[in-house]
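Raw final_29.txt, compact mmCIF, C-alpha atoms and all ligand atoms:
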```
# COMPACT_ATOMS: atom_id res chain seq x y z
CA MET Y 179 0.00 0.00 0.00
CA GLY Y 180 2.78 2.43 0.96
CA ALA Y 181 4.57 1.81 -2.33
CA VAL Y 182 1.37 2.49 -4.27
CA VAL Y 183 0.79 5.77 -2.44
CA SER Y 184 4.42 6.72 -2.95
CA THR Y 185 4.16 6.01 -6.68
CA VAL Y 186 0.97 8.04 -7.01
CA VAL Y 187 2.47 10.96 -5.10
CA SER Y 188 5.64 10.76 -7.16
CA SER Y 189 3.62 10.72 -10.38
CA MET Y 190 1.56 13.74 -9.27
CA TRP Y 191 4.75 15.51 -8.25
CA ASN Y 192 6.25 15.00 -11.69
CA ARG Y 193 3.18 16.15 -13.60
CA TRP Y 194 2.30 19.22 -11.60
CA ASN Y 195 3.74 22.42 -12.99
CA TRP Y 196 4.84 23.96 -9.72
CA ARG Y 197 6.06 27.10 -11.44
CA VAL Y 198 2.53 28.46 -11.78
CA ALA Y 199 2.37 28.75 -7.97
CA ALA Y 200 5.85 30.22 -7.54
CA ARG Y 201 5.96 33.33 -5.43
CA CYS Y 202 8.61 34.77 -7.73
CA ARG Y 203 6.51 34.18 -10.84
CA THR Y 204 5.84 37.89 -11.23
CA THR Y 205 9.20 39.00 -9.90
CA ASP Y 206 12.10 40.20 -11.97
CA ALA Y 207 14.17 37.04 -12.42
CA ASP Y 208 17.41 38.98 -12.02
CA ALA Y 209 16.43 39.63 -8.40
CA LEU Y 210 16.95 35.93 -7.70
CA PHE Y 211 20.47 35.89 -9.08
CA VAL Y 212 22.19 38.21 -6.68
CA ARG Y 213 25.35 37.70 -4.71
CA GLY Y 214 26.57 38.21 -1.16
CA ALA Y 215 24.33 39.74 1.47
CA GLU Y 216 21.48 40.24 -0.99
CA GLN Y 217 21.05 36.48 -1.14
CA ARG Y 218 19.76 36.56 2.43
CA GLN Y 219 16.84 38.71 1.32
CA VAL Y 220 16.04 36.30 -1.50
CA ARG Y 221 16.20 33.35 0.89
CA ASP Y 222 13.72 35.13 3.17
CA PHE Y 223 11.49 35.79 0.17
CA CYS Y 224 11.55 32.08 -0.71
CA GLY Y 225 10.69 31.16 2.87
CA SER Y 226 7.00 31.78 2.30
CA CYS Y 227 6.82 30.35 -1.22
CA PRO Y 228 4.27 27.53 -1.48
CA VAL Y 229 6.44 25.58 -3.92
CA ARG Y 230 9.76 25.96 -2.20
CA THR Y 231 10.26 22.21 -1.94
CA GLU Y 232 9.57 21.61 -5.62
CA CYS Y 233 11.86 24.48 -6.57
CA LEU Y 234 14.70 23.17 -4.45
CA ALA Y 235 14.24 19.63 -5.76
CA TYR Y 236 14.36 20.89 -9.33
CA ALA Y 237 17.56 22.85 -8.72
CA LEU Y 238 19.21 19.88 -7.04
CA ASP Y 239 18.12 17.35 -9.66
CA GLU Y 240 19.10 19.60 -12.55
CA ARG Y 241 22.33 20.70 -10.86
CA VAL Y 242 21.44 24.37 -11.31
CA GLU Y 243 24.60 26.23 -10.45
CA HIS Y 244 23.48 29.83 -10.06
CA GLY Y 245 20.93 31.77 -8.07
CA VAL Y 246 18.77 31.08 -5.07
CA TRP Y 247 16.37 28.21 -5.61
CA GLY Y 248 14.04 26.87 -2.97
CA GLY Y 249 15.57 29.21 -0.44
CA MET Y 250 19.08 27.84 -0.86
CA THR Y 251 22.07 29.52 -2.41
CA GLU Y 252 24.23 27.74 -4.95
CA ARG Y 253 26.85 27.21 -2.26
CA GLU Y 254 24.33 25.59 0.08
CA ARG Y 255 23.04 23.37 -2.71
CA ARG Y 256 26.55 22.25 -3.58
CA ALA Y 257 27.06 21.26 0.06
CA VAL Y 258 23.81 19.29 0.04
CA LEU Y 259 24.79 17.51 -3.17
CA ARG Y 260 28.21 16.66 -1.77
CA SER Y 261 26.70 15.33 1.44
CA ARG Y 262 24.29 12.99 -0.35
CA PRO Y 263 25.85 11.71 -3.59
CA ASP Y 264 23.64 8.64 -3.31
CA VAL Y 265 20.40 10.51 -4.03
CA ALA Y 266 19.15 9.74 -7.55
CA SER Y 267 16.02 11.91 -7.36
CA TRP Y 268 15.72 14.85 -5.00
CA ALA Y 269 12.16 15.36 -6.20
CA GLU Y 270 11.28 11.88 -5.00
CA LEU Y 271 13.22 12.16 -1.75
CA LEU Y 272 11.86 15.57 -0.78
CA GLY Y 273 8.35 14.65 -1.93
CA GLU Y 274 8.38 11.57 0.29
CA ALA Y 275 9.80 13.56 3.20
CA ARG Y 276 7.03 16.09 2.88
CA THR Y 277 4.36 13.40 2.68
CA GLU Y 278 5.78 11.78 5.79
CA HIS Y 279 5.94 15.13 7.56
CA TYR Y 280 2.28 15.91 6.94
CA SER Y 281 1.15 12.39 7.77
CA ARG Y 282 2.59 12.65 11.27
CA SER Y 283 0.47 13.98 14.09
CA ALA Y 284 0.74 17.54 15.28
CA ALA Y 285 1.94 16.22 18.65
CA GLU Y 286 4.83 14.38 16.99
CA ARG Y 287 5.79 17.46 15.01
CA THR Y 288 5.65 19.61 18.14
CA ALA Y 289 7.84 17.13 19.99
CA ASP Y 290 10.35 17.18 17.17
CA ALA Y 291 10.32 20.97 17.06
CA LEU Y 292 10.98 21.11 20.80
CA LEU Y 293 13.76 18.60 20.34
CA ASP Y 294 15.27 20.79 17.64
CA VAL Y 295 15.18 23.79 19.96
CA ALA Y 296 16.75 21.77 22.75
CA GLU Y 297 19.37 20.57 20.29
CA LEU Y 298 20.16 24.11 19.29
CA HIS Y 299 20.53 25.13 22.92
CA ALA Y 300 22.73 22.13 23.61
CA ARG Y 301 25.00 23.04 20.73
CA THR Y 302 25.24 26.70 21.60
CA ASP Y 303 25.23 26.52 25.40
CA THR Y 304 27.21 23.42 26.21
CA GLY Y 305 29.15 22.78 23.08
CA ILE Y 306 27.81 19.25 22.98
CA ASP Y 307 27.31 18.24 19.41
CA VAL Y 308 24.16 16.18 19.50
CA VAL Y 309 23.73 16.03 15.76
CA GLY Y 310 24.03 12.49 14.54
CA MET Y 311 23.07 10.95 17.87
CA ALA Y 312 20.16 8.55 18.09
CA PRO Y 313 16.93 10.32 19.17
CA GLU Y 314 17.04 8.69 22.61
CA ALA Y 315 20.61 9.79 23.18
CA ARG Y 316 19.78 13.29 21.97
CA ARG Y 317 16.93 13.53 24.46
CA ASP Y 318 19.28 12.48 27.24
CA ALA Y 319 21.95 14.93 26.12
CA CYS Y 320 19.48 17.81 26.02
S1 LIG Y 401 11.34 29.02 -3.71
FE1 LIG Y 401 11.80 29.00 -5.89
S2 LIG Y 401 9.84 29.34 -6.86
FE2 LIG Y 401 9.64 29.99 -4.74
S3 LIG Y 401 10.10 32.17 -4.70
FE3 LIG Y 401 12.02 31.08 -4.29
S4 LIG Y 401 13.01 30.84 -6.28
FE4 LIG Y 401 10.85 31.35 -6.65
```
Step by step, read the file and then write its structure as structure tokens.
Amino acid sequence: MGAVVSTVVSSMWNRWNWRVAARCRTTDADALFVRGAEQRQVRDFCGSCPVRTECLAYALDERVEHGVWGGMTERERRAVLRSRPDVASWAELLGEARTEHYSRSAAERTADALLDVAELHARTDTGIDVVGMAPEARRDAC
């Protein structure tokens, strides 16, 4: 059943023209291809785009080298690509991650968000690097 749902979602993902819902659709395209500190403004702009995930997946899958896509700069995308050379389809991976995210209960998402905050505090306050630990160990460390 899960495989069927995944295939249907993947198929829908591939057919939907996400560009029609892009927040930047009516924006001057040059504004997305800025450098330095201006990229922060573009990233913020992307933060509320309804198709940010699709945009990022496209840029990663197509190895787009310039501009901010999906709220990530080219440098950030290169780092992501280097960290996961095993990913054949970012569209599929990110689509599945989003489906999983929204299928989880609000309580689970809240717990994870609190864990993320605790993790951030642990990293900044104690210097303990809890990233990469098993969830149980992270809870203990925080
Ligand atoms: S996430 Fe992509 S589609 Fe959305 S505003 Fe940013 S560049 Fe445009």
Pick from Y:Val198, Y:Ala285, Y:Ala209, Y:Val229: nearest to ligand LIG 401 (chain Y), with all atoms listed in the file counted?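 Distance minimum relative to ligand LIG 401 (chain Y) lands on Y:Val229.
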Using only C-alpha atoms and all ligand atoms, find the one residue out of Y:Arg201, Y:Arg260, Y:Arg276, Y:Arg213 that sits nearest to ligand LIG 401 (chain Y).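 Closest to ligand LIG 401 (chain Y) of all the choices is Y:Arg201.
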Show me which residues are within 8 Å of ligand LIG 401 (chain Y) counting only C-alpha atoms and all ligand atoms, and format the list as a ChimeraX atom specification. /Y:196-197,199-203,210,220-221,223-234,246-249
Please indicate the distance in Å from atom CA of Asn195 of chain Y to atom CA of Ala275 of chain Y, rounded to one decimal place.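 Interatomic distance here is 19.4 Å.
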In terms of the shortest atom-to-atom distance over only C-alpha atoms, which of Y:Asp294, Y:Arg241, Y:Ala215, Y:His279 is closest to Ala257 of chain Y?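 Among Y:Asp294, Y:Arg241, Y:Ala215, Y:His279, it is Y:Arg241 that comes nearest to Ala257 of chain Y.
Picture a line from atom CA of Arg255 of chain Y to atom CA of Phe211 of chain Y; it runs 14.3 Å.
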Could you name the residues that touch Trp268 of chain Y at 10 Å or less, counting all atoms listed in the file, but leaving out those on the same chain fewer than 5 positions away, as a CSV table (one decimal) with C-alpha atoms, in the coordinates of the input?
```csv
chain,number,residue,atom,x,y,z
Y,231,THR,CA,10.3,22.2,-1.9
Y,232,GLU,CA,9.6,21.6,-5.6
Y,234,LEU,CA,14.7,23.2,-4.4
Y,235,ALA,CA,14.2,19.6,-5.8
Y,236,TYR,CA,14.4,20.9,-9.3
Y,237,ALA,CA,17.6,22.8,-8.7
Y,238,LEU,CA,19.2,19.9,-7.0
Y,239,ASP,CA,18.1,17.4,-9.7
Y,240,GLU,CA,19.1,19.6,-12.6
Y,259,LEU,CA,24.8,17.5,-3.2
Y,262,ARG,CA,24.3,13.0,-0.4
Y,273,GLY,CA,8.4,14.6,-1.9
Y,274,GLU,CA,8.4,11.6,0.3
```
In Å, with one decimal, what is the gap from atom CA of Asp290 of chain Y to atom CA of Val258 of chain Y?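 We find that atom CA of Asp290 of chain Y and atom CA of Val258 of chain Y lie 21.9 Å from each other.
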Put a box with edges along x, y and z around all the listed atoms of segment 227-245 of chain Y, pad it by 5 Å on each side, then give me its centre and sizes in Å, one decimal, as AutoDock Vina command-line options.
```
--center_x 14.4 --center_y 24.6 --center_z -6.9 --size_x 30.3 --size_y 24.4 --size_z 21.3
```
Taking N, CA and C atoms as the atom set, what does segment 188-223 of chain Y look like once completed, written as a CSV table (one decimal), in the coordinates of the input?
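What follows is the written file part_30.csv:
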```csv
chain,number,residue,atom,x,y,z
Y,188,SER,N,4.5,10.5,-6.3
Y,188,SER,CA,5.6,10.8,-7.2
Y,188,SER,C,5.2,11.2,-8.6
Y,189,SER,N,4.2,10.4,-9.1
Y,189,SER,CA,3.6,10.7,-10.4
Y,189,SER,C,3.0,12.1,-10.4
Y,190,MET,N,2.2,12.4,-9.3
Y,190,MET,CA,1.6,13.7,-9.3
Y,190,MET,C,2.6,14.8,-9.2
Y,191,TRP,N,3.7,14.5,-8.4
Y,191,TRP,CA,4.8,15.5,-8.2
Y,191,TRP,C,5.4,15.8,-9.6
Y,192,ASN,N,5.6,14.8,-10.4
Y,192,ASN,CA,6.2,15.0,-11.7
Y,192,ASN,C,5.4,15.7,-12.7
Y,193,ARG,N,4.0,15.6,-12.6
Y,193,ARG,CA,3.2,16.2,-13.6
Y,193,ARG,C,2.8,17.6,-13.3
Y,194,TRP,N,2.8,17.9,-12.0
Y,194,TRP,CA,2.3,19.2,-11.6
Y,194,TRP,C,3.3,20.3,-12.0
Y,195,ASN,N,2.9,21.3,-12.6
Y,195,ASN,CA,3.7,22.4,-13.0
Y,195,ASN,C,3.8,23.4,-11.8
Y,196,TRP,N,4.8,23.2,-10.9
Y,196,TRP,CA,4.8,24.0,-9.7
Y,196,TRP,C,5.1,25.4,-10.0
Y,197,ARG,N,5.7,25.7,-11.2
Y,197,ARG,CA,6.1,27.1,-11.4
Y,197,ARG,C,4.9,28.1,-11.4
Y,198,VAL,N,3.7,27.6,-11.7
Y,198,VAL,CA,2.5,28.5,-11.8
Y,198,VAL,C,2.2,29.0,-10.4
Y,199,ALA,N,2.7,28.3,-9.3
Y,199,ALA,CA,2.4,28.8,-8.0
Y,199,ALA,C,3.6,29.4,-7.3
Y,200,ALA,N,4.6,29.6,-8.1
Y,200,ALA,CA,5.8,30.2,-7.5
Y,200,ALA,C,5.6,31.7,-7.1
Y,201,ARG,N,6.1,32.0,-6.0
Y,201,ARG,CA,6.0,33.3,-5.4
Y,201,ARG,C,6.7,34.3,-6.3
Y,202,CYS,N,7.8,33.9,-6.9
Y,202,CYS,CA,8.6,34.8,-7.7
Y,202,CYS,C,8.1,34.9,-9.2
Y,203,ARG,N,7.0,34.2,-9.5
Y,203,ARG,CA,6.5,34.2,-10.8
Y,203,ARG,C,6.4,35.6,-11.5
Y,204,THR,N,6.0,36.5,-10.7
Y,204,THR,CA,5.8,37.9,-11.2
Y,204,THR,C,7.0,38.8,-10.8
Y,205,THR,N,8.0,38.2,-10.3
Y,205,THR,CA,9.2,39.0,-9.9
Y,205,THR,C,10.2,39.1,-11.0
Y,206,ASP,N,11.0,40.1,-11.0
Y,206,ASP,CA,12.1,40.2,-12.0
Y,206,ASP,C,13.1,39.1,-11.7
Y,207,ALA,N,13.3,38.2,-12.6
Y,207,ALA,CA,14.2,37.0,-12.4
Y,207,ALA,C,15.6,37.4,-12.0
Y,208,ASP,N,16.1,38.6,-12.4
Y,208,ASP,CA,17.4,39.0,-12.0
Y,208,ASP,C,17.5,39.1,-10.5
Y,209,ALA,N,16.4,39.4,-9.9
Y,209,ALA,CA,16.4,39.6,-8.4
Y,209,ALA,C,16.8,38.3,-7.7
Y,210,LEU,N,16.6,37.2,-8.3
Y,210,LEU,CA,17.0,35.9,-7.7
Y,210,LEU,C,18.4,35.5,-7.9
Y,211,PHE,N,19.1,36.2,-8.7
Y,211,PHE,CA,20.5,35.9,-9.1
Y,211,PHE,C,21.4,37.0,-8.6
Y,212,VAL,N,21.3,37.2,-7.3
Y,212,VAL,CA,22.2,38.2,-6.7
Y,212,VAL,C,23.3,37.5,-5.9
Y,213,ARG,N,24.2,38.3,-5.4
Y,213,ARG,CA,25.4,37.7,-4.7
Y,213,ARG,C,25.5,38.3,-3.3
Y,214,GLY,N,26.3,37.7,-2.5
Y,214,GLY,CA,26.6,38.2,-1.2
Y,214,GLY,C,25.4,38.4,-0.3
Y,215,ALA,N,25.4,39.5,0.5
Y,215,ALA,CA,24.3,39.7,1.5
Y,215,ALA,C,22.9,39.8,0.9
Y,216,GLU,N,22.8,40.2,-0.4
Y,216,GLU,CA,21.5,40.2,-1.0
Y,216,GLU,C,20.8,38.9,-1.1
Y,217,GLN,N,21.6,37.8,-1.1
Y,217,GLN,CA,21.0,36.5,-1.1
Y,217,GLN,C,20.2,36.2,0.1
Y,218,ARG,N,20.5,36.8,1.2
Y,218,ARG,CA,19.8,36.6,2.4
Y,218,ARG,C,18.3,37.0,2.2
Y,219,GLN,N,18.2,38.2,1.6
Y,219,GLN,CA,16.8,38.7,1.3
Y,219,GLN,C,16.0,37.8,0.4
Y,220,VAL,N,16.7,37.2,-0.6
Y,220,VAL,CA,16.0,36.3,-1.5
Y,220,VAL,C,15.6,35.0,-0.7
Y,221,ARG,N,16.5,34.6,0.1
Y,221,ARG,CA,16.2,33.4,0.9
Y,221,ARG,C,15.0,33.6,1.8
Y,222,ASP,N,14.9,34.8,2.4
Y,222,ASP,CA,13.7,35.1,3.2
Y,222,ASP,C,12.5,35.2,2.3
Y,223,PHE,N,12.6,35.7,1.1
Y,223,PHE,CA,11.5,35.8,0.2
Y,223,PHE,C,11.0,34.4,-0.2
```
